[in-house]
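data_8.cif follows; it contains mmCIF, C-alpha atoms.
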```
data_model
loop_
_atom_site.label_atom_id
_atom_site.label_comp_id
_atom_site.auth_asym_id
_atom_site.auth_seq_id
_atom_site.Cartn_x
_atom_site.Cartn_y
_atom_site.Cartn_z
CA MET R 1 0.00 0.00 0.00
CA THR R 2 2.85 2.36 0.83
CA ASP R 3 4.23 2.24 -2.73
CA LYS R 4 0.81 3.01 -4.25
CA PHE R 5 0.35 5.81 -1.73
CA ALA R 6 3.73 7.31 -2.70
CA LEU R 7 2.73 7.16 -6.38
CA TYR R 8 -0.57 8.85 -5.51
CA MET R 9 1.25 11.74 -3.82
CA THR R 10 3.62 12.12 -6.76
CA GLN R 11 0.63 12.37 -9.09
CA LEU R 12 -0.78 15.09 -6.81
CA GLY R 13 2.39 17.08 -7.43
CA LYS R 14 3.92 16.60 -3.99
CA SER R 15 7.69 17.13 -3.81
CA GLN R 16 10.04 14.20 -3.34
CA ASN R 17 10.80 15.29 0.23
CA THR R 18 7.10 15.53 1.12
CA THR R 19 6.37 12.17 -0.48
CA GLU R 20 9.17 10.47 1.44
CA THR R 21 8.18 12.14 4.72
CA TYR R 22 4.49 11.25 4.37
CA ALA R 23 5.32 7.65 3.42
CA ARG R 24 7.61 7.35 6.45
CA ASN R 25 4.95 8.79 8.78
CA VAL R 26 2.35 6.40 7.41
CA ARG R 27 4.68 3.44 7.98
CA GLN R 28 5.19 4.59 11.57
CA TYR R 29 1.42 4.67 12.07
CA PHE R 30 0.99 1.12 10.76
CA GLU R 31 3.90 -0.08 12.90
CA TRP R 32 2.14 1.41 15.93
CA CYS R 33 -1.07 -0.37 14.89
CA GLU R 34 0.72 -3.72 14.65
CA LEU R 35 2.29 -3.27 18.09
CA SER R 36 -1.01 -2.13 19.59
CA PHE R 37 -3.53 -4.41 17.88
CA GLY R 38 -1.46 -7.22 16.40
CA ASN R 39 -2.07 -6.19 12.80
CA ALA R 40 -2.34 -3.17 10.53
CA PRO R 41 -6.03 -2.43 9.73
CA PRO R 42 -7.08 -2.30 6.06
CA GLN R 43 -8.38 1.25 6.44
CA LEU R 44 -8.28 4.20 8.81
CA TYR R 45 -10.59 4.23 11.80
CA ARG R 46 -11.22 7.40 13.76
CA ALA R 47 -10.90 5.65 17.12
CA ASN R 48 -7.44 4.42 16.13
CA VAL R 49 -6.36 7.85 14.93
CA LEU R 50 -7.48 9.51 18.17
CA GLU R 51 -5.53 6.93 20.19
CA TYR R 52 -2.50 7.56 17.97
CA ILE R 53 -2.73 11.31 18.60
CA SER R 54 -2.76 10.62 22.36
CA TYR R 55 0.21 8.27 21.94
CA MET R 56 2.23 10.89 20.04
CA ARG R 57 1.42 13.67 22.52
CA ASN R 58 1.63 11.85 25.84
CA LEU R 59 3.99 8.92 25.34
CA LYS R 60 6.30 10.11 22.55
CA GLY R 61 6.24 13.75 23.62
CA TYR R 62 5.96 15.06 20.06
CA SER R 63 5.66 18.81 19.62
CA PRO R 64 2.38 20.17 18.21
CA LYS R 65 4.12 20.76 14.88
CA SER R 66 5.33 17.13 14.72
CA VAL R 67 1.87 15.81 15.61
CA ASN R 68 0.36 17.93 12.84
CA ASN R 69 2.94 16.67 10.35
CA HIS R 70 1.93 13.08 11.10
CA LEU R 71 -1.75 13.98 10.88
CA SER R 72 -1.18 15.64 7.49
CA ALA R 73 0.29 12.38 6.22
CA LEU R 74 -2.64 10.38 7.57
CA ARG R 75 -5.16 12.84 6.12
CA CYS R 76 -3.51 12.41 2.72
CA LEU R 77 -3.66 8.62 3.21
CA ASN R 78 -7.35 8.98 4.10
CA GLU R 79 -7.96 10.78 0.80
CA PHE R 80 -6.00 8.10 -1.05
CA LEU R 81 -8.09 5.30 0.51
CA ILE R 82 -11.30 7.09 -0.43
CA ASP R 83 -10.02 7.62 -3.96
CA GLU R 84 -9.19 3.91 -4.18
CA GLY R 85 -12.66 2.94 -2.95
CA ILE R 86 -11.23 1.22 0.13
CA GLN R 87 -13.22 3.44 2.51
CA THR R 88 -15.80 6.21 2.32
CA GLU R 89 -15.45 7.97 5.66
CA THR R 90 -13.21 10.96 6.37
CA VAL R 91 -11.81 10.19 9.81
CA ILE R 92 -9.32 13.05 10.31
CA LEU R 93 -10.91 16.43 10.99
CA LYS R 94 -9.50 19.95 11.01
CA THR R 95 -10.16 20.12 14.75
CA ASP R 96 -7.74 17.22 15.29
CA PHE R 97 -4.79 19.43 14.38
CA MET R 98 -3.05 21.14 17.28
CA LYS R 99 -2.62 24.91 17.43
CA VAL R 100 0.97 25.93 16.84
CA GLN R 101 2.41 29.16 18.21
CA LEU R 102 4.36 30.66 15.34
CA GLN R 103 7.84 31.85 16.25
CA TYR R 104 7.83 35.31 14.72
CA ALA R 105 10.80 36.35 16.84
CA SER R 106 13.09 33.62 15.53
CA PRO R 107 16.35 35.47 14.87
CA CYS R 108 18.75 34.44 12.13
CA THR R 109 21.54 32.39 13.70
CA VAL R 110 24.32 33.36 11.27
CA GLU R 111 25.68 36.76 10.32
CA LYS R 112 27.10 38.14 7.09
CA ARG R 113 30.69 37.61 8.20
CA ASP R 114 29.90 33.94 8.92
CA VAL R 115 28.50 33.47 5.43
CA ASP R 116 31.38 35.36 3.81
CA ALA R 117 33.94 33.22 5.69
CA PHE R 118 32.03 30.06 4.69
CA ARG R 119 32.04 31.06 1.01
CA GLN R 120 35.75 31.91 1.22
CA ARG R 121 36.54 28.41 2.53
CA LEU R 122 34.64 26.96 -0.42
CA LEU R 123 36.53 29.25 -2.82
CA GLU R 124 39.89 28.19 -1.38
CA SER R 125 38.90 24.51 -1.60
CA GLY R 126 39.23 24.76 -5.38
CA SER R 127 35.78 23.34 -6.15
CA LYS R 128 34.10 25.91 -8.36
CA ARG R 129 30.93 23.80 -8.40
CA ASP R 130 30.61 23.79 -4.61
CA TYR R 131 31.42 27.49 -4.42
CA ALA R 132 28.72 28.22 -7.02
CA ILE R 133 26.17 26.13 -5.09
CA VAL R 134 26.80 27.92 -1.79
CA THR R 135 26.81 31.35 -3.45
CA LEU R 136 23.50 30.53 -5.14
CA TYR R 137 22.06 29.47 -1.80
CA ALA R 138 23.25 32.56 0.04
CA TYR R 139 21.84 35.08 -2.42
CA SER R 140 18.77 33.48 -4.01
CA GLY R 141 16.83 31.67 -1.26
CA LEU R 142 16.49 28.43 -3.24
CA ARG R 143 15.55 25.16 -1.54
CA ARG R 144 17.85 22.13 -1.67
CA THR R 145 15.64 20.20 -4.11
CA GLU R 146 15.24 23.28 -6.30
CA CYS R 147 19.01 23.63 -6.46
CA VAL R 148 19.76 20.04 -7.53
CA ASN R 149 16.86 20.03 -10.02
CA LEU R 150 17.98 23.20 -11.82
CA LEU R 151 18.41 22.72 -15.56
CA LEU R 152 20.91 24.66 -17.64
CA GLU R 153 18.08 26.03 -19.77
CA GLN R 154 16.44 27.53 -16.68
CA VAL R 155 19.43 29.75 -15.90
CA ASP R 156 19.84 33.02 -17.81
CA LEU R 157 23.08 34.67 -16.70
CA VAL R 158 22.65 37.57 -19.12
CA SER R 159 19.24 38.57 -17.80
CA LYS R 160 20.25 37.48 -14.28
CA GLU R 161 17.15 35.34 -13.92
CA ILE R 162 16.48 31.73 -12.95
CA ARG R 163 13.20 29.99 -13.72
CA VAL R 164 12.66 27.78 -10.68
CA VAL R 165 10.21 24.90 -10.39
CA GLY R 166 9.25 24.71 -6.73
CA LYS R 167 6.83 22.78 -4.55
CA GLY R 168 3.80 21.44 -6.38
CA ASP R 169 5.52 22.17 -9.71
CA LYS R 170 4.85 25.87 -9.20
CA GLN R 171 7.16 28.05 -11.29
CA ARG R 172 8.61 31.36 -10.23
CA LEU R 173 11.22 33.76 -11.53
CA VAL R 174 14.17 34.31 -9.19
CA TYR R 175 16.43 37.30 -9.73
CA ILE R 176 20.14 36.77 -9.06
CA ASN R 177 23.02 39.12 -8.33
CA ASP R 178 26.51 39.48 -9.80
CA LYS R 179 28.04 37.18 -7.17
CA ILE R 180 25.88 34.29 -8.37
CA VAL R 181 26.48 35.10 -12.04
CA HIS R 182 30.27 35.19 -11.63
CA ALA R 183 30.34 31.99 -9.53
CA ILE R 184 28.22 30.02 -12.02
CA ARG R 185 30.20 31.32 -15.02
CA GLU R 186 33.47 30.19 -13.45
CA TYR R 187 31.95 26.78 -12.71
CA LEU R 188 30.64 26.40 -16.27
CA LYS R 189 34.14 26.98 -17.66
CA GLU R 190 35.33 23.72 -16.11
CA ARG R 191 32.06 21.77 -16.23
CA ARG R 192 32.46 18.65 -18.39
CA SER R 193 29.11 16.96 -18.84
CA GLU R 194 26.33 16.44 -21.37
CA SER R 195 23.75 16.41 -18.58
CA PRO R 196 20.86 18.90 -18.84
CA TYR R 197 21.22 19.63 -15.11
CA LEU R 198 23.28 22.60 -13.96
CA PHE R 199 25.05 20.88 -11.07
CA VAL R 200 26.52 17.47 -11.86
CA SER R 201 28.72 14.94 -10.10
CA ARG R 202 31.41 12.58 -11.31
CA GLN R 203 29.14 9.59 -10.71
CA SER R 204 25.98 10.85 -12.41
CA GLY R 205 24.46 13.59 -14.48
CA LYS R 206 22.62 15.04 -11.50
CA LEU R 207 23.82 16.02 -8.04
CA ALA R 208 22.16 14.11 -5.19
CA PRO R 209 20.46 16.20 -2.45
CA SER R 210 22.53 14.39 0.18
CA ARG R 211 25.69 15.71 -1.47
CA ILE R 212 24.54 19.26 -0.71
CA ASN R 213 24.45 18.41 2.99
CA GLN R 214 27.91 16.83 2.78
CA ILE R 215 29.33 20.01 1.23
CA PHE R 216 27.93 22.15 4.03
CA ASN R 217 29.04 19.74 6.76
CA GLN R 218 32.55 19.59 5.33
CA TYR R 219 33.16 23.32 5.53
CA SER R 220 30.99 24.53 8.41
CA ASP R 221 29.86 23.35 11.84
CA CYS R 222 26.91 25.73 12.03
CA ILE R 223 25.76 26.69 8.52
CA THR R 224 23.26 24.33 6.87
CA PRO R 225 21.14 24.73 3.73
CA LYS R 226 18.23 25.69 5.99
CA THR R 227 20.16 28.33 7.97
CA LEU R 228 21.54 29.81 4.75
CA ARG R 229 18.03 30.08 3.34
CA HIS R 230 17.03 31.76 6.62
CA TYR R 231 20.01 34.09 6.25
CA PHE R 232 18.93 35.04 2.73
CA CYS R 233 15.45 36.03 3.91
CA SER R 234 16.78 38.09 6.82
CA HIS R 235 19.55 39.72 4.77
CA ALA R 236 17.16 40.53 1.91
CA LEU R 237 14.81 42.27 4.33
CA GLU R 238 17.67 44.34 5.73
CA SER R 239 18.71 45.22 2.16
CA GLY R 240 15.34 46.75 1.34
CA TYR R 241 13.27 43.86 -0.02
CA SER R 242 9.60 43.86 0.95
CA ILE R 243 8.04 40.80 2.62
CA HIS R 244 6.15 40.02 -0.59
CA GLU R 245 9.32 40.26 -2.70
CA ILE R 246 11.12 37.86 -0.36
CA ALA R 247 8.16 35.49 -0.43
CA ASN R 248 8.37 35.43 -4.23
CA GLN R 249 12.13 34.82 -4.24
CA ALA R 250 11.93 32.05 -1.63
CA GLY R 251 8.82 30.45 -3.10
CA HIS R 252 6.58 30.91 -0.06
CA SER R 253 2.90 30.60 -0.97
CA ASN R 254 1.98 32.29 2.33
CA VAL R 255 3.75 35.42 3.58
CA GLN R 256 3.22 34.18 7.13
CA THR R 257 5.96 31.66 6.39
CA THR R 258 8.23 34.47 5.22
CA LEU R 259 7.66 36.32 8.48
CA ILE R 260 9.07 33.38 10.41
CA TYR R 261 12.29 33.50 8.40
CA SER R 262 12.55 37.24 7.96
CA ASN R 263 13.56 38.38 11.41
CA PRO R 264 16.57 40.37 12.55
CA THR R 265 19.60 38.79 14.14
CA ALA R 266 19.84 38.40 17.91
CA LYS R 267 22.51 41.12 17.98
CA GLU R 268 20.23 43.60 16.19
CA MET R 269 17.31 42.77 18.46
CA LYS R 270 19.47 43.46 21.54
CA GLU R 271 20.65 46.76 20.05
CA LYS R 272 17.05 47.80 19.39
CA ALA R 273 16.06 46.77 22.92
CA ASN R 274 18.76 49.07 24.32
CA ARG R 275 17.33 51.99 22.36
CA LEU R 276 13.92 51.67 24.05
#
```

Give the structure from this file in structure tokens form.
Amino acid sequence: MTDKFALYMTQLGKSQNTTETYARNVRQYFEWCELSFGNAPPQLYRANVLEYISYMRNLKGYSPKSVNNHLSALRCLNEFLIDEGIQTETVILKTDFMKVQLQYASPCTVEKRDVDAFRQRLLESGSKRDYAIVTLYAYSGLRRTECVNLLLEQVDLVSKEIRVVGKGDKQRLVYINDKIVHAIREYLKERRSESPYLFVSRQSGKLAPSRINQIFNQYSDCITPKTLRHYFCSHALESGYSIHEIANQAGHSNVQTTLIYSNPTAKEMKEKANRL
């Protein structure tokens, strides 16, 4: 069932990360069912789901956000089972989801000098590909999957534009600066591949998402793809971008998401507090 469910989500336009996460959460639910009842039921029952919510909250100690992530996966499974004719009842309701207090005052954890030093280490490593990847991350706000899925034809260095295909196959136009243009041009001079993808590896014509993490881990103990994306949003706001412009660059369908990322650094918040 899990394989068919994964195919169903792919057909809905879910990203690879979402598909894998939902499939993993569904497997965890069925494993819990087997431990609790001796077997995995053929469909979803509301009584079981309510017990599972209690299990996640009280025994596992999951945060409200984690509980909601698991419920989102089960709600999608519920829709799949109805679509397949396996059941007719919707057993997961909107009221089942826990209220999450959004962290609007979530300061960026890295500063410009940290990012500059990180990029310099990549430059000195000699890998023009890795340097181009990190520079693209720092100044465009792309996601990891968007980065590895970039095609050469989507990148226009003359117009300084990248046509990005984001979550749900939604396309957006991302504007890039001279730093990105120069870094990619230098990388393309030594790139030897017939692959349509921009970033390639020696083993294949497309860079694996896990390789992105390895690059970051190799040259920094604190900067990750997520923190660099956070840095972009914060830095763009400080540089004069509006919230809506940042949302477009980062591919946020809801500006509330942008507000979480686009907060000042802890140092700036302390300085402002002292001016009160």

Practice task
Output the residue selection produced by the PyMOL selection byres ((chain R and resi 41-58) around 8) on the file above, formatted as an MDAnalysis selection string.
Solution key: chainID R and resid 29:30 32:33 39:40 59:64 67 78 81 86:87 91:92

Problem - Computed interatomic separation between CA of Val155 (chain R) and CA of Gly240 (chain R) (Å) - result: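 That distance, rounded to one decimal, is 24.6 Å.
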
Exercise for the section: Can you pull out every residue within 9 Å of Leu152 (chain R), counting all atoms listed in the file, but drop anything in the same chain fewer than 5 positions away, and send it as an NGL selection string? Expected result: :R and (195-199)

Practice task
Please indicate the distance in Å from CA of Tyr241 (chain R) to CA of Ile176 (chain R), rounded to one decimal place.
Solution key: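 For CA of Tyr241 (chain R) relative to CA of Ile176 (chain R), the distance reads 13.4 Å.
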
Exercise for the section: May I ask which of the residues R:Gln214, R:Thr21, R:Gln120, R:Gln16 is the closest one to Leu71 (chain R), counting only C-alpha atoms? Expected result: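 Nearest to Leu71 (chain R): R:Thr21.
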
Practice task
Could you tell me which of R:Arg211, R:Lys128, R:Arg121, R:Arg144 comes closest to Tyr187 (chain R) if we count all atoms listed in the file?
Solution key: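 Of the candidates, the smallest distance to Tyr187 (chain R) is held by R:Lys128.
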
Just want the 9 Å neighbourhood of Lys65 (chain R), counted on all atoms listed in the file, with same-chain residues fewer than 4 positions away dropped. Output as a short mmCIF file (atom, residue, chain, number, x, y, z; two decimals) with C-alpha atoms, in the coordinates of the input.
```cif
data_model
loop_
_atom_site.label_atom_id
_atom_site.label_comp_id
_atom_site.auth_asym_id
_atom_site.auth_seq_id
_atom_site.Cartn_x
_atom_site.Cartn_y
_atom_site.Cartn_z
CA ASN R 69 2.94 16.67 10.35
CA HIS R 70 1.93 13.08 11.10
CA MET R 98 -3.05 21.14 17.28
CA LYS R 99 -2.62 24.91 17.43
CA VAL R 100 0.97 25.93 16.84
#
```

Practice task
Would you please work out which residue, of R:Leu276, R:Ile180, R:Ile223, R:Ala250, is nearest to Arg113 (chain R) when using all atoms listed in the file?
Solution key: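 Answer, going by the shortest atom-to-atom distance: R:Ile223.
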
Practice task
Can you pull out every residue within 8 Å of Gly141 (chain R), counting only C-alpha atoms, but drop anything in the same chain fewer than 2 positions away, and send it as a PyMOL selection string?
Solution key: chain R and resi 136-139+143+228-230+232-233+249-250

Problem - Atomic separation - CA of Glu146 (chain R) relative to CA of Tyr131 (chain R), Å - result: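 Taking CA of Tyr131 (chain R) as the start and CA of Glu146 (chain R) as the end point, the length is 16.8 Å.
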
Problem - Selection result for the PyMOL selection byres ((chain R and resi 5) around 12) on this file, as a PyMOL selection string - result: chain R and resi 1-4+6-12+14+19-27+73-84

Exercise for the section: Could you tell me which residues the PyMOL selection byres ((chain R and resi 177) around 10) returns for this structure, as an MDAnalysis selection string? Expected result: chainID R and resid 135:136 139:140 157 160:161 175:176 178:182

Handout entry: Residue nearest Gln171 (chain R) - candidates R:Cys222, R:Glu34, R:Ser253, R:Asn213, atoms counted: only C-alpha atoms
Key =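 The closest residue to Gln171 (chain R) is R:Ser253.
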
Practice task
May I ask which of the residues R:Ser201, R:Leu123, R:Arg191, R:Lys112 is the closest one to Glu238 (chain R), counting all atoms listed in the file?
Solution key: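 Looking at the shortest contact to Glu238 (chain R), the residue is R:Lys112.
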
Practice task
Name the closest residue to Ala132 (chain R) among the candidates R:Arg163, R:Arg185, R:Arg202, R:Arg172; distances are taken between atoms, counting all atoms listed in the file.
Solution key: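 With all atoms listed in the file as the atom set, the closest residue is R:Arg185.
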